[in-house]
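To start, the structure under review is shown below, and the notes come after it.
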Amino acid sequence: MSDEGLSRRRLLGASGTAAVAGVVAGAVGGYAVSRGDDDAAAGAPSSTAAAALALDAAIPFRGEHQAGIITPAQDRLHFVALDVVTTDREQLRQLLEDWTRAAERMTAGAEAAPGGLVGGGPNRAPEDTGEAYGLPASGLTITIGYGPSLFDDRFGLASRRPAALQDLPAFTGDQLDPRRTGGDLCIQACANDPQVAVHAVRNLVRLGFGVVAVRWSQLGFGRTSSTSTAQATPRNLFGFKDGTANVKAEEAAGLAEHVWVAPDDESGGGAWMAGGSYLVARRIRMHIEIWDRTSLQEQEDVIGRDKKEGAPLGRSKEFDPLDFARKGPDGRPAIPVDAHVRLAHESNLGGIRILRRGYNFTDGSDGVGHLDAGLFFLAYMRHPGRQFVPMQRALAKADGLNEYIEHNGSAVFACPPGLKDGEHWGQALFA
Ligand SMILES: C=CC1=C(C)c2cc3[nH]c(cc4nc(cc5[nH]c(cc1n2)c(C)c5CCC(=O)O)C(CCC(=O)O)=C4C)c(C)c3C=C
Ligand SMILES: [Fe+2]
């Protein structure tokens, strides 16, 4: 490998360098494998999940589906929504191709461009911003999505718009801030090191100068979902286990039914979405000061699970099934009628489920003595109008949690399928 193609992990030492060189060589040649994991390369789901749990792993960039959806949720997030500022279709197409190259390199632990740190010499701006140089791949995944507004008349894409990609309707209680809403494109960068996630977004935005501009962004810490049975269930900022009943990577039938767009889901212009998924993002402020003065009983009744174990009320273990018919000692439903898990459960929604992949956030304070903290809700699904919309309508109407939360940002994106060797983002869309 030439000096220009060396990984940022070169600094890790000889053995690390050798292993990583393989990853990077594979990555730039059109494939990427996790270091020393043959099963991952073969696509065995449980081994892939286990490999991805290693905090510094390189996650394969290419595959049937984009990485970052069923990849075991990493600990950190940098999410950005962008607007396209050019009207030149070719500039946008070229950017998506350039992003693919840079994203593939960064997920393998390499600089955004060969020799990116200093290889361009003293008279040019470096092609990599440098803050992740020497850091491992850190489980980085970069997932791209296209917003409904990308399919207006600017780029001749109107006929390519999937029918399922529609702006979300207004929900009761929404307090949406236009400065945290919408976007032509999104990039979801997840990693186990915040510096690696931020570096990835920063370098893609840098590449897009003059073509795209950041509309809004969100940092997240502490995943609020497990997306694999190999992961322990994390806790959200209300202190409750979150993600117990999620659709998980090992659940092939559930993914096919609820997460991946099937070939015959979208006819005509939207057929390029087969194998992709729709992403709903909601910035949900949590009024933690009010919650923190609320009794344990009330907290558990609002969620419908106990705080310590995460067990459904009336049961004792986290993964015990929810029993909505069970009565408590007072003769009332053990899981209250307005409990969050009752209303969000598939039995209340005609079998609807979604894959949740959210993160905690704290963005300073609001100037009047409260933390601006909450849950950056990210969820993947096959059809937002048939899944998120009815689910959120049911929650907006009756959820006991509404007293403690406020949705103040919102967006929806079509995340295309994964890339085969030699393919790049936008190729199918612009074909
Ligand atoms: C529209 C979808 C959902 C929003 C918005 C949402 C916000 C939200 N959720 C929690 C905390 C928990 N949610 C839990 C379960 C759960 N939540 C949703 C959907 C939305 N949540 C679903 C589909 C489920 C699973 C329901 C089921 O099938 O049992 C839980 C329990 C643990 C778990 O199963 O994950 C918690 C806790 C917060 C704090 C929040 C907004 C800030
Ligand atoms: Fe929830």
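Residues in the structure tokens are numbered from 1 in each chain, the chains being A, B, ... in the order shown, and ligands are numbered from 1 in the order shown.
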
I need the strand (DSSP E or B) residues of range 223-277 of chain A per DSSP on the backbone, written as a VMD selection string.
chain A and resid 223 235 241 277

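Proximity to Leu279 in chain A at 8 Å, evaluated using only C-alpha atoms and with sequence-adjacent residues fewer than 2 positions away removed, yields Gly145, Ser277, Ala281, Leu378, Ala379, Tyr380, Met381, Pro384, Val412, Phe413, Ala414 and Cys415 of chain A.
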
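Relative to CA of Trp425 in chain A, CA of His65 in chain A is found at 12.3 Å.
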
Check every protein, DNA and RNA residue against ligand 1, keep those with an atom at most 8 Å away (counting only C-alpha atoms and all ligand atoms), and present them as an MDAnalysis selection string.
chainID A and resid 225 235:238 240:246 282 284:286 303:305 310 322 340:346 353:356 374:377 379 388:389 391:393 395 401 405:406

Could you list, as a PDB file with N, CA and C atoms, in the first residue's frame, every residue within 12 Å of Arg154 in chain A, counting only C-alpha atoms and ignoring same-chain residues fewer than 6 positions away?
ATOM      1  N   ASP A  83     -29.323  20.821   3.481  1.00  0.00           N
ATOM      2  CA  ASP A  83     -30.066  21.284   2.318  1.00  0.00           C
ATOM      3  C   ASP A  83     -29.105  21.373   1.143  1.00  0.00           C
ATOM      4  N   VAL A  84     -29.606  21.056  -0.033  1.00  0.00           N
ATOM      5  CA  VAL A  84     -28.793  21.195  -1.236  1.00  0.00           C
ATOM      6  C   VAL A  84     -28.896  22.655  -1.679  1.00  0.00           C
ATOM      7  N   VAL A  85     -27.754  23.297  -1.876  1.00  0.00           N
ATOM      8  CA  VAL A  85     -27.774  24.731  -2.184  1.00  0.00           C
ATOM      9  C   VAL A  85     -27.458  25.020  -3.648  1.00  0.00           C
ATOM     10  N   THR A  86     -27.166  23.981  -4.399  1.00  0.00           N
ATOM     11  CA  THR A  86     -26.976  24.162  -5.828  1.00  0.00           C
ATOM     12  C   THR A  86     -28.247  23.700  -6.540  1.00  0.00           C
ATOM     13  N   THR A  87     -28.426  24.150  -7.775  1.00  0.00           N
ATOM     14  CA  THR A  87     -29.528  23.598  -8.572  1.00  0.00           C
ATOM     15  C   THR A  87     -28.964  22.716  -9.675  1.00  0.00           C
ATOM     16  N   ASP A  88     -27.667  22.484  -9.612  1.00  0.00           N
ATOM     17  CA  ASP A  88     -26.986  21.694 -10.647  1.00  0.00           C
ATOM     18  C   ASP A  88     -27.057  20.213 -10.279  1.00  0.00           C
ATOM     19  N   ARG A  89     -27.847  19.466 -11.032  1.00  0.00           N
ATOM     20  CA  ARG A  89     -28.054  18.038 -10.766  1.00  0.00           C
ATOM     21  C   ARG A  89     -26.732  17.271 -10.755  1.00  0.00           C
ATOM     22  N   GLU A  90     -25.834  17.594 -11.689  1.00  0.00           N
ATOM     23  CA  GLU A  90     -24.578  16.860 -11.796  1.00  0.00           C
ATOM     24  C   GLU A  90     -23.685  17.100 -10.567  1.00  0.00           C
ATOM     25  N   LEU A  92     -24.722  17.576  -7.554  1.00  0.00           N
ATOM     26  CA  LEU A  92     -25.273  16.756  -6.475  1.00  0.00           C
ATOM     27  C   LEU A  92     -24.907  15.287  -6.700  1.00  0.00           C
ATOM     28  N   ASP A 184     -33.069  18.164   2.993  1.00  0.00           N
ATOM     29  CA  ASP A 184     -33.016  17.441   1.714  1.00  0.00           C
ATOM     30  C   ASP A 184     -32.289  16.108   1.860  1.00  0.00           C
TER      31      ASP A 184
END

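The space between CA of Ala54 in chain A and CA of Asn192 in chain A spans 9.3 Å.
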
Helix (DSSP H, G or I) positions in range 274-379 of chain A, given as JSON, numbers by chain
{"A": [288, 289, 290, 291, 296, 297, 298, 299, 300, 301, 302, 303, 340, 341, 342, 343, 344, 346, 347, 348]}

Using only C-alpha atoms, determine which residues lie at most 10 Å from His424 in chain A, disregarding the query and same-chain residues fewer than 6 positions distant; provide the list as JSON, numbers by chain.
{"A": [62, 93, 94, 96, 97, 98, 99, 100, 101, 104, 418]}

How would the residues just chosen look if you wrote them out with N, CA and C atoms as a PDB file, in the first residue's frame?
ATOM      1  N   ARG A  62     -20.171  -1.924   2.839  1.00  0.00           N
ATOM      2  CA  ARG A  62     -21.053  -2.406   1.767  1.00  0.00           C
ATOM      3  C   ARG A  62     -21.842  -3.629   2.216  1.00  0.00           C
ATOM      4  N   ARG A  93     -25.064  14.810  -7.908  1.00  0.00           N
ATOM      5  CA  ARG A  93     -24.731  13.415  -8.216  1.00  0.00           C
ATOM      6  C   ARG A  93     -23.261  13.143  -7.899  1.00  0.00           C
ATOM      7  N   GLN A  94     -22.405  14.084  -8.317  1.00  0.00           N
ATOM      8  CA  GLN A  94     -20.961  13.914  -8.079  1.00  0.00           C
ATOM      9  C   GLN A  94     -20.641  13.918  -6.578  1.00  0.00           C
ATOM     10  N   LEU A  96     -22.538  12.878  -4.153  1.00  0.00           N
ATOM     11  CA  LEU A  96     -22.923  11.586  -3.564  1.00  0.00           C
ATOM     12  C   LEU A  96     -21.858  10.528  -3.873  1.00  0.00           C
ATOM     13  N   GLU A  97     -21.284  10.617  -5.054  1.00  0.00           N
ATOM     14  CA  GLU A  97     -20.209   9.676  -5.408  1.00  0.00           C
ATOM     15  C   GLU A  97     -18.961   9.954  -4.552  1.00  0.00           C
ATOM     16  N   ASP A  98     -18.622  11.222  -4.393  1.00  0.00           N
ATOM     17  CA  ASP A  98     -17.448  11.585  -3.580  1.00  0.00           C
ATOM     18  C   ASP A  98     -17.662  11.192  -2.106  1.00  0.00           C
ATOM     19  N   TRP A  99     -18.882  11.384  -1.632  1.00  0.00           N
ATOM     20  CA  TRP A  99     -19.195  11.011  -0.252  1.00  0.00           C
ATOM     21  C   TRP A  99     -18.999   9.500  -0.041  1.00  0.00           C
ATOM     22  N   THR A 100     -19.398   8.729  -1.053  1.00  0.00           N
ATOM     23  CA  THR A 100     -19.275   7.266  -0.924  1.00  0.00           C
ATOM     24  C   THR A 100     -17.818   6.892  -0.685  1.00  0.00           C
ATOM     25  N   ARG A 101     -16.951   7.472  -1.486  1.00  0.00           N
ATOM     26  CA  ARG A 101     -15.516   7.147  -1.389  1.00  0.00           C
ATOM     27  C   ARG A 101     -14.977   7.526  -0.011  1.00  0.00           C
ATOM     28  N   GLU A 104     -16.564   5.340   2.856  1.00  0.00           N
ATOM     29  CA  GLU A 104     -16.027   3.980   2.887  1.00  0.00           C
ATOM     30  C   GLU A 104     -14.645   3.968   3.540  1.00  0.00           C
ATOM     31  N   GLY A 418     -28.190  -0.972   0.694  1.00  0.00           N
ATOM     32  CA  GLY A 418     -26.733  -0.982   0.749  1.00  0.00           C
ATOM     33  C   GLY A 418     -26.131  -1.019  -0.649  1.00  0.00           C
TER      34      GLY A 418
END

Identify, on the basis of only C-alpha atoms, every residue whose closest approach to Leu371 in chain A does not exceed 8 Å; exclude the query and any residue fewer than 4 positions from it along the same chain; express the result as JSON, numbers by chain.
{"A": [288, 362, 363, 364, 365, 366]}

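Using only C-alpha atoms, the contacts of Leu429 in chain A at a cut-off of 10 Å, with sequence neighbours closer than 3 positions omitted, comprise Arg93, Tyr146, Leu157, Arg160, Arg161, Gly269, Gly270, Ala271, Trp272, Met273, Pro416, Trp425 and Gly426 of chain A.
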
Writing out the chosen residues with N, CA and C atoms as a compact mmCIF listing (two decimals), in the first residue's frame:
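Output below, filename part_17.txt:
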# COMPACT_ATOMS: atom_id res chain seq x y z
N ARG A 93 -25.06 14.81 -7.91
CA ARG A 93 -24.73 13.41 -8.22
C ARG A 93 -23.26 13.14 -7.90
N TYR A 146 -32.46 10.47 2.05
CA TYR A 146 -32.96 11.53 1.18
C TYR A 146 -34.32 12.00 1.71
N LEU A 157 -35.87 14.94 -10.04
CA LEU A 157 -36.06 13.68 -9.33
C LEU A 157 -37.52 13.43 -8.95
N ARG A 160 -38.96 10.13 -9.32
CA ARG A 160 -38.25 9.06 -8.60
C ARG A 160 -38.67 9.00 -7.13
N ARG A 161 -39.56 9.88 -6.75
CA ARG A 161 -39.96 9.94 -5.34
C ARG A 161 -40.78 8.71 -4.94
N GLY A 269 -41.16 4.87 -9.93
CA GLY A 269 -39.99 5.67 -9.56
C GLY A 269 -39.33 5.30 -8.26
N GLY A 270 -40.05 4.67 -7.36
CA GLY A 270 -39.48 4.37 -6.05
C GLY A 270 -38.87 2.99 -5.91
N ALA A 271 -38.81 2.24 -7.01
CA ALA A 271 -38.33 0.86 -6.93
C ALA A 271 -36.88 0.77 -6.44
N TRP A 272 -36.11 1.86 -6.61
CA TRP A 272 -34.71 1.87 -6.16
C TRP A 272 -34.61 1.75 -4.63
N MET A 273 -35.72 1.84 -3.92
CA MET A 273 -35.69 1.76 -2.45
C MET A 273 -35.74 0.32 -1.92
N PRO A 416 -31.56 4.62 1.21
CA PRO A 416 -31.51 3.61 0.15
C PRO A 416 -30.88 2.32 0.64
N TRP A 425 -23.41 5.91 -3.69
CA TRP A 425 -24.67 6.54 -3.32
C TRP A 425 -25.17 7.40 -4.48
N GLY A 426 -26.45 7.36 -4.70
CA GLY A 426 -27.07 8.19 -5.74
C GLY A 426 -27.12 7.51 -7.09

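Picture a line from CA of Asp264 in chain A to CA of Asn348 in chain A; it runs 27.0 Å.
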
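The shortest atom-to-atom distance to His383 in chain A, with only C-alpha atoms taken into account, belongs to A:Gly276 out of A:Gly276, A:Gly147, A:Gly68, A:Gly121.
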
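Minimum distance to Glu298 in chain A across A:Ile335, A:Pro114, A:Val211, A:Thr107 (counting only C-alpha atoms) occurs at A:Ile335.
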